[in-house]
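Student: Pasting data-v4.cif below, which is mmCIF, C-alpha atoms.
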```
data_model
#
loop_
_atom_site.label_atom_id
_atom_site.label_comp_id
_atom_site.auth_asym_id
_atom_site.auth_seq_id
_atom_site.Cartn_x
_atom_site.Cartn_y
_atom_site.Cartn_z
CA MET A 1 -82.44 -47.91 3.06
CA SER A 2 -81.28 -51.40 3.93
CA GLY A 3 -81.56 -52.62 7.52
CA LYS A 4 -77.80 -53.20 7.54
CA ASN A 5 -77.01 -49.56 6.80
CA ALA A 6 -79.56 -48.38 9.32
CA ARG A 7 -78.09 -50.52 12.08
CA ARG A 8 -74.58 -49.35 11.26
CA ARG A 9 -75.64 -45.75 11.61
CA ALA A 10 -77.95 -46.08 14.60
CA GLY A 11 -75.13 -46.03 17.12
CA ARG A 12 -73.71 -42.80 15.67
CA ALA A 13 -76.84 -40.84 14.87
CA ASN A 14 -77.44 -38.81 17.99
CA GLY A 15 -74.85 -36.60 19.59
CA GLY A 16 -76.39 -36.77 23.05
CA GLU A 17 -78.51 -33.95 24.41
CA ALA A 18 -80.46 -33.07 21.31
CA VAL A 19 -83.32 -30.73 22.11
CA GLN A 20 -86.82 -31.75 21.14
CA PRO A 21 -88.20 -29.05 18.81
CA SER A 22 -90.67 -26.79 20.52
CA ARG A 23 -93.94 -25.71 18.92
CA ALA A 24 -93.25 -22.34 20.47
CA VAL A 25 -90.61 -21.67 17.80
CA ALA A 26 -92.00 -19.20 15.30
CA SER A 27 -91.54 -19.92 11.61
CA THR A 28 -90.16 -16.42 11.06
CA PRO A 29 -88.49 -15.34 14.32
CA ARG A 30 -86.91 -11.96 14.90
CA GLU A 31 -83.69 -11.53 12.95
CA SER A 32 -80.61 -11.46 15.16
CA THR A 33 -78.13 -8.63 14.52
CA ARG A 34 -75.43 -9.75 16.90
CA HIS A 35 -73.30 -11.86 14.57
CA GLN A 36 -73.40 -13.77 11.33
CA PRO A 37 -74.39 -17.37 12.08
CA VAL A 38 -71.59 -19.88 11.96
CA ALA A 39 -73.85 -21.99 9.76
CA GLN A 40 -73.40 -19.46 6.95
CA GLN A 41 -69.66 -20.10 7.00
CA VAL A 42 -70.35 -23.83 6.84
CA ALA A 43 -72.72 -23.26 3.92
CA ASN A 44 -70.01 -21.43 2.00
CA SER A 45 -67.67 -24.39 2.45
CA GLN A 46 -70.45 -26.83 1.61
CA THR A 47 -70.74 -25.43 -1.90
CA THR A 48 -67.54 -27.27 -2.80
CA THR A 49 -68.44 -30.54 -1.08
CA GLY A 50 -72.22 -30.88 -1.33
CA ALA A 51 -72.20 -32.69 -4.67
CA PRO A 52 -69.63 -34.45 -6.84
CA SER A 53 -68.18 -32.43 -9.72
CA ASN A 54 -69.46 -34.97 -12.26
CA PRO A 55 -72.51 -36.60 -10.67
CA PRO A 56 -74.34 -39.44 -12.42
CA ASP A 57 -77.50 -38.49 -14.25
CA ARG A 58 -79.63 -40.63 -11.95
CA VAL A 59 -79.10 -41.91 -8.43
CA THR A 60 -81.00 -44.31 -6.18
CA ARG A 61 -82.80 -43.35 -3.01
CA ALA A 62 -80.15 -45.21 -1.03
CA GLN A 63 -77.48 -43.01 -2.59
CA LEU A 64 -79.51 -39.93 -1.69
CA ALA A 65 -79.71 -41.21 1.89
CA ASP A 66 -75.93 -41.55 1.99
CA LYS A 67 -75.51 -38.02 0.67
CA LEU A 68 -78.00 -36.66 3.22
CA TRP A 69 -76.10 -38.41 6.00
CA GLU A 70 -72.79 -37.00 4.76
CA ILE A 71 -74.13 -33.45 4.46
CA SER A 72 -75.63 -33.56 7.95
CA THR A 73 -72.39 -34.91 9.42
CA PHE A 74 -70.32 -32.33 7.56
CA THR A 75 -72.55 -29.56 8.92
CA LEU A 76 -72.37 -30.83 12.49
CA ARG A 77 -68.58 -30.98 12.38
CA GLY A 78 -68.36 -27.55 10.82
CA LEU A 79 -70.47 -25.99 13.56
CA GLU A 80 -68.52 -27.84 16.24
CA ASN A 81 -65.17 -26.79 14.78
CA ALA A 82 -66.27 -23.17 14.74
CA GLN A 83 -67.12 -23.44 18.45
CA ASP A 84 -63.71 -25.03 19.11
CA VAL A 85 -62.00 -22.04 17.52
CA TRP A 86 -64.12 -19.58 19.48
CA VAL A 87 -63.43 -21.36 22.79
CA ALA A 88 -59.71 -21.50 22.07
CA THR A 89 -59.68 -17.78 21.26
CA ARG A 90 -61.97 -16.57 24.03
CA PHE A 91 -61.07 -18.95 26.87
CA ALA A 92 -57.74 -20.46 25.74
CA GLY A 93 -59.40 -23.87 26.04
CA ASP A 94 -60.11 -23.36 29.76
CA GLY A 95 -63.12 -25.55 30.50
CA ALA A 96 -63.70 -24.04 33.94
CA ALA A 97 -63.84 -20.51 32.51
CA LEU A 98 -66.15 -21.62 29.70
CA ALA A 99 -68.48 -23.41 32.11
CA ALA A 100 -68.53 -20.38 34.44
CA ALA A 101 -69.50 -18.10 31.55
CA ALA A 102 -72.28 -20.47 30.52
CA ILE A 103 -73.64 -20.67 34.05
CA ARG A 104 -73.62 -16.85 34.26
CA GLY A 105 -75.94 -16.78 31.25
CA ASP A 106 -73.61 -16.19 28.30
CA GLU A 107 -75.64 -17.74 25.48
CA LYS A 108 -72.66 -18.19 23.18
CA ALA A 109 -70.79 -20.04 25.94
CA GLN A 110 -73.87 -22.16 26.61
CA ILE A 111 -74.07 -23.16 22.96
CA ALA A 112 -70.35 -23.93 22.86
CA VAL A 113 -70.63 -26.22 25.89
CA SER A 114 -73.54 -28.09 24.33
CA PHE A 115 -71.92 -28.47 20.90
CA ILE A 116 -68.60 -29.65 22.34
CA LEU A 117 -70.23 -32.31 24.51
CA SER A 118 -72.51 -33.46 21.71
CA GLY A 119 -69.64 -33.77 19.25
CA VAL A 120 -67.43 -35.76 21.61
CA ARG A 121 -70.29 -38.11 22.45
CA ARG A 122 -71.09 -38.65 18.79
CA GLU A 123 -67.50 -39.63 18.04
CA ASN A 124 -67.24 -41.90 21.10
CA ASN A 125 -69.86 -44.58 21.67
CA GLU A 126 -69.38 -44.92 25.43
CA ASP A 127 -68.35 -42.69 28.33
CA SER A 128 -65.45 -45.05 28.84
CA ASP A 129 -64.26 -44.22 25.32
CA VAL A 130 -64.24 -40.52 26.19
CA ARG A 131 -62.27 -41.19 29.37
CA ALA A 132 -59.80 -43.38 27.49
CA ALA A 133 -59.28 -40.66 24.90
CA ALA A 134 -58.76 -38.08 27.64
CA VAL A 135 -56.17 -40.25 29.35
CA LYS A 136 -54.32 -40.59 26.06
CA GLY A 137 -54.11 -36.80 25.82
CA ASP A 138 -57.06 -35.96 23.59
CA VAL A 139 -57.60 -32.28 24.43
CA LYS A 140 -61.19 -32.26 23.17
CA ALA A 141 -62.08 -35.27 25.33
CA GLN A 142 -60.39 -33.67 28.34
CA LEU A 143 -62.38 -30.47 27.80
CA ALA A 144 -65.61 -32.44 27.43
CA MET A 145 -65.00 -34.29 30.69
CA ALA A 146 -64.37 -31.01 32.48
CA LEU A 147 -67.55 -29.47 31.07
CA GLU A 148 -69.54 -32.58 31.97
CA SER A 149 -68.48 -32.31 35.59
CA LEU A 150 -68.93 -28.54 35.86
CA THR A 151 -72.38 -28.21 34.28
CA CYS A 152 -75.74 -29.87 34.90
CA PRO A 153 -77.51 -31.89 32.16
CA ASP A 154 -80.85 -30.27 32.96
CA GLU A 155 -79.32 -26.82 32.66
CA ARG A 156 -77.64 -27.66 29.38
CA TYR A 157 -80.99 -28.83 28.04
CA LYS A 158 -82.57 -25.54 29.09
CA TRP A 159 -79.78 -23.56 27.44
CA LEU A 160 -80.30 -25.20 24.07
CA THR A 161 -84.08 -25.07 24.36
CA LYS A 162 -83.94 -21.34 25.03
CA ALA A 163 -81.58 -20.69 22.11
CA GLN A 164 -83.74 -22.84 19.86
CA ASN A 165 -86.95 -21.08 20.89
CA ASN A 166 -85.22 -17.75 20.23
CA GLY A 167 -84.60 -18.90 16.68
CA ASN A 168 -80.81 -19.21 16.98
CA VAL A 169 -79.78 -20.28 13.48
CA ASP A 170 -76.80 -22.40 14.49
CA VAL A 171 -78.72 -24.27 17.19
CA CYS A 172 -81.71 -24.97 14.94
CA ILE A 173 -79.47 -26.28 12.16
CA TYR A 174 -77.32 -28.30 14.57
CA THR A 175 -80.27 -29.98 16.27
CA GLY A 176 -81.98 -30.47 12.93
CA CYS A 177 -78.91 -32.29 11.59
CA LEU A 178 -78.84 -34.57 14.63
CA PHE A 179 -82.46 -35.44 13.97
CA VAL A 180 -81.78 -36.02 10.26
CA ARG A 181 -79.28 -38.69 11.26
CA CYS A 182 -81.82 -40.23 13.64
CA TYR A 183 -84.46 -40.17 10.89
CA LEU A 184 -82.17 -42.09 8.55
CA THR A 185 -81.66 -44.90 11.10
CA ILE A 186 -85.39 -45.61 11.48
CA ASP A 187 -86.87 -48.23 9.16
CA ASP A 188 -89.28 -47.10 6.46
CA GLY A 189 -92.93 -47.35 7.36
CA LYS A 190 -92.52 -46.89 11.08
CA PRO A 191 -94.52 -44.01 12.57
CA GLU A 192 -91.41 -42.87 14.43
CA ARG A 193 -89.76 -42.12 11.09
CA ALA A 194 -92.53 -39.78 9.98
CA ALA A 195 -92.56 -38.11 13.39
CA MET A 196 -88.80 -37.57 13.22
CA LYS A 197 -89.10 -36.03 9.77
CA ASP A 198 -91.68 -33.59 11.12
CA LYS A 199 -89.27 -32.58 13.89
CA VAL A 200 -86.51 -31.92 11.37
CA ILE A 201 -88.81 -29.81 9.20
CA LEU A 202 -89.97 -27.80 12.20
CA LEU A 203 -86.38 -27.06 13.19
CA LEU A 204 -84.89 -26.33 9.77
CA ARG A 205 -87.80 -24.17 8.60
CA VAL A 206 -86.74 -21.48 11.07
CA PRO A 207 -83.28 -20.80 9.58
CA ALA A 208 -84.45 -21.72 6.06
CA ASP A 209 -87.15 -19.04 6.18
CA ARG A 210 -84.52 -16.58 7.35
CA GLY A 211 -82.36 -17.24 4.33
CA SER A 212 -79.89 -19.86 5.55
CA ALA A 213 -78.57 -21.62 2.45
CA MET A 214 -77.40 -24.56 4.54
CA ALA A 215 -80.82 -25.11 6.15
CA GLN A 216 -82.54 -24.75 2.78
CA HIS A 217 -80.16 -27.28 1.21
CA ILE A 218 -80.58 -29.93 3.90
CA LEU A 219 -84.33 -29.41 4.14
CA GLY A 220 -84.69 -29.71 0.38
CA MET A 221 -82.61 -32.89 0.33
CA LEU A 222 -84.72 -34.39 3.12
CA LEU A 223 -88.04 -33.61 1.41
CA TYR A 224 -86.78 -34.83 -1.95
CA PHE A 225 -85.46 -38.04 -0.40
CA SER A 226 -88.66 -38.73 1.51
CA HIS A 227 -90.77 -38.56 -1.66
CA TYR A 228 -89.01 -41.45 -3.38
CA ASP A 229 -89.66 -45.14 -2.82
CA GLU A 230 -86.77 -47.54 -2.26
CA GLY A 231 -84.94 -48.24 -5.50
CA THR A 232 -86.54 -45.41 -7.46
CA LYS A 233 -84.13 -43.42 -9.55
CA ALA A 234 -83.92 -39.70 -8.88
CA ASP A 235 -82.08 -36.78 -10.42
CA PHE A 236 -79.15 -35.82 -8.21
CA LEU A 237 -78.99 -32.18 -9.28
CA ASP A 238 -82.67 -31.67 -8.53
CA ALA A 239 -82.11 -33.23 -5.11
CA ALA A 240 -79.14 -30.97 -4.41
CA ARG A 241 -81.27 -27.93 -5.16
#
```
Reformat the file's structure so that it appears as structure tokens.
Tutor:
Amino acid sequence: MSGKNARRRAGRANGGEAVQPSRAVASTPRESTRHQPVAQQVANSQTTTGAPSNPPDRVTRAQLADKLWEISTFTLRGLENAQDVWVATRFAGDGAALAAAAIRGDEKAQIAVSFILSGVRRENNEDSDVRAAAVKGDVKAQLAMALESLTCPDERYKWLTKAQNNGNVDVCIYTGCLFVRCYLTIDDGKPERAAMKDKVILLLRVPADRGSAMAQHILGMLLYFSHYDEGTKADFLDAAR
């Protein structure tokens, strides 16, 4: 990837409080029976957007990087949008009620708080941008500001870490996608890039091993991409698999 593309993406890669993957996460955690992961819904939608209808026979590694970035961003937004719908249905967009539920220990509320804040931060480079959007009437920015003031950063970190260690599919995929974007902003050859790839693999293996098509797709794209040198041609359909 060119340095220019990397620099352009660096400011947008991380959505804020991404959780460092824990070695305590088992590769095949206990299957949850509470609800179908939101990520599965995103995966169903992804089948129509993951690859062009008439892709070229061969693509460059840079093009694969762009596709990996797009897929990760699409997945993040899909998971965030699903949380928006849930919050609107369950709490009527009431940030105070959502924060109170999270503080009481409602894991779904805790995840919603974390995803909402991460998404708003990713779309706004500075806190001042969030405040400006809120003043202009952006409901999502207003909700994020309320959640920021009503919850503690350390607690939010603990909430996501706990969900991640429990093998929550949506959290593992979400955090993995944030790290994919970080990975793509690091120059080739730097040890930080290899370390970031290892973090992504550790996170996405959990839902991938449990049958998540979305996690399998992104993980496969990442591994395929990482095995090609700059400028090498690769088969797009093989990469998409």
Student: What would the selection look like, as a list of chain:residue names, if the PyMOL selection byres ((chain A and resi 105) around 12) were run on the coordinates I just shared?
Tutor: A:Leu98, A:Ala99, A:Ala100, A:Ala101, A:Ala102, A:Ile103, A:Arg104, A:Asp106, A:Glu107, A:Lys108, A:Ala109, A:Gln110, A:Ile111, A:Glu155, A:Arg156, A:Lys158, A:Trp159, A:Leu160, A:Lys162, A:Ala163
Student: Please expand the PyMOL selection byres ((chain A and resi 143-146) around 10) into the concrete residues it hits in this file, giving the result as a list in words.
Tutor: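 When the PyMOL selection byres ((chain A and resi 143-146) around 10) is applied to the shown file, the picked residues are Gly93, Asp94, Gly95, Ala96, Leu98, Ala99, Val113, Ser114, Phe115, Ile116, Leu117, Ser118, Gly119, Val120, Arg121, Asp127, Val130, Arg131, Ala134, Asp138, Val139, Lys140, Ala141, Gln142, Leu147, Glu148, Ser149, Leu150 and Thr151 of chain A.
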Student: Given the selection you just returned, output its residues as a file containing C-alpha atoms, formatted as a PDB file, in the frame of the given file.
Tutor:
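Final file, selection_12.pdb:
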```pdb
ATOM      1  CA  GLY A  93     -59.400 -23.870  26.040  1.00  0.00           C
ATOM      2  CA  ASP A  94     -60.110 -23.360  29.760  1.00  0.00           C
ATOM      3  CA  GLY A  95     -63.120 -25.550  30.500  1.00  0.00           C
ATOM      4  CA  ALA A  96     -63.700 -24.040  33.940  1.00  0.00           C
ATOM      5  CA  LEU A  98     -66.150 -21.620  29.700  1.00  0.00           C
ATOM      6  CA  ALA A  99     -68.480 -23.410  32.110  1.00  0.00           C
ATOM      7  CA  VAL A 113     -70.630 -26.220  25.890  1.00  0.00           C
ATOM      8  CA  SER A 114     -73.540 -28.090  24.330  1.00  0.00           C
ATOM      9  CA  PHE A 115     -71.920 -28.470  20.900  1.00  0.00           C
ATOM     10  CA  ILE A 116     -68.600 -29.650  22.340  1.00  0.00           C
ATOM     11  CA  LEU A 117     -70.230 -32.310  24.510  1.00  0.00           C
ATOM     12  CA  SER A 118     -72.510 -33.460  21.710  1.00  0.00           C
ATOM     13  CA  GLY A 119     -69.640 -33.770  19.250  1.00  0.00           C
ATOM     14  CA  VAL A 120     -67.430 -35.760  21.610  1.00  0.00           C
ATOM     15  CA  ARG A 121     -70.290 -38.110  22.450  1.00  0.00           C
ATOM     16  CA  ASP A 127     -68.350 -42.690  28.330  1.00  0.00           C
ATOM     17  CA  VAL A 130     -64.240 -40.520  26.190  1.00  0.00           C
ATOM     18  CA  ARG A 131     -62.270 -41.190  29.370  1.00  0.00           C
ATOM     19  CA  ALA A 134     -58.760 -38.080  27.640  1.00  0.00           C
ATOM     20  CA  ASP A 138     -57.060 -35.960  23.590  1.00  0.00           C
ATOM     21  CA  VAL A 139     -57.600 -32.280  24.430  1.00  0.00           C
ATOM     22  CA  LYS A 140     -61.190 -32.260  23.170  1.00  0.00           C
ATOM     23  CA  ALA A 141     -62.080 -35.270  25.330  1.00  0.00           C
ATOM     24  CA  GLN A 142     -60.390 -33.670  28.340  1.00  0.00           C
ATOM     25  CA  LEU A 147     -67.550 -29.470  31.070  1.00  0.00           C
ATOM     26  CA  GLU A 148     -69.540 -32.580  31.970  1.00  0.00           C
ATOM     27  CA  SER A 149     -68.480 -32.310  35.590  1.00  0.00           C
ATOM     28  CA  LEU A 150     -68.930 -28.540  35.860  1.00  0.00           C
ATOM     29  CA  THR A 151     -72.380 -28.210  34.280  1.00  0.00           C
TER      30      THR A 151
END
```
Student: Selected by the PyMOL selection byres ((chain A and resi 198) around 12) in the shown coordinates: which residues, as a list in words?
Tutor: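 Taken over the shown coordinates, the PyMOL selection byres ((chain A and resi 198) around 12) returns Gln20, Pro21, Ser22, Arg23, Gly176, Phe179, Val180, Tyr183, Pro191, Glu192, Arg193, Ala194, Ala195, Met196, Lys197, Lys199, Val200, Ile201, Leu202, Leu203, Leu204, Arg205, Leu219, Leu222, Leu223 and Ser226 of chain A.
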Student: Can you work out which one of A:Glu123, A:Glu70, A:Asp209, A:Glu80 has the shortest atom-to-atom distance to Tyr174 (chain A), counting only C-alpha atoms?
Tutor: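 The answer is A:Glu80, which sits nearest to Tyr174 (chain A).
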Student: Work out how far apart CA of Val169 (chain A) and CA of Arg122 (chain A) are and give it in Å to one decimal.
Tutor: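 Spanning CA of Val169 (chain A) to CA of Arg122 (chain A) is a straight-line distance of 21.0 Å.
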Student: What is the distance, in Å and to one decimal place, between CA of His227 (chain A) and CA of Pro207 (chain A)?
Tutor: 22.3 Å
Student: Any idea what's packed within 9 Å of Ile218 (chain A), counting only C-alpha atoms, ignoring anything in its chain fewer than 6 positions away? Could you give it as a list in words?
Tutor: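 The neighbour list is Leu68, Ile71, Ser72, Cys177, Val180, Leu204 and Ala240 of chain A.
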Student: May I ask for the distance between CA of Arg181 (chain A) and CA of Ala208 (chain A), given in Å to one decimal place?
Tutor: 18.5 Å
Student: Edge lengths and centre in Å to one decimal, as JSON, of the axis-aligned box that encloses all listed atoms of region 205-215 of chain A with 6 Å added on every side?
Tutor:
```
{"center_x": -82.6, "center_y": -20.8, "center_z": 6.8, "size_x": 22.4, "size_y": 20.5, "size_z": 20.6}
```
Student: Which residue, A:Gln83, A:Thr175, A:Asn165, A:Asp187, has the smallest gap to Ala215 (chain A) when you use only C-alpha atoms?
Tutor: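 Counting only C-alpha atoms, the residue closest to Ala215 (chain A) is A:Thr175.
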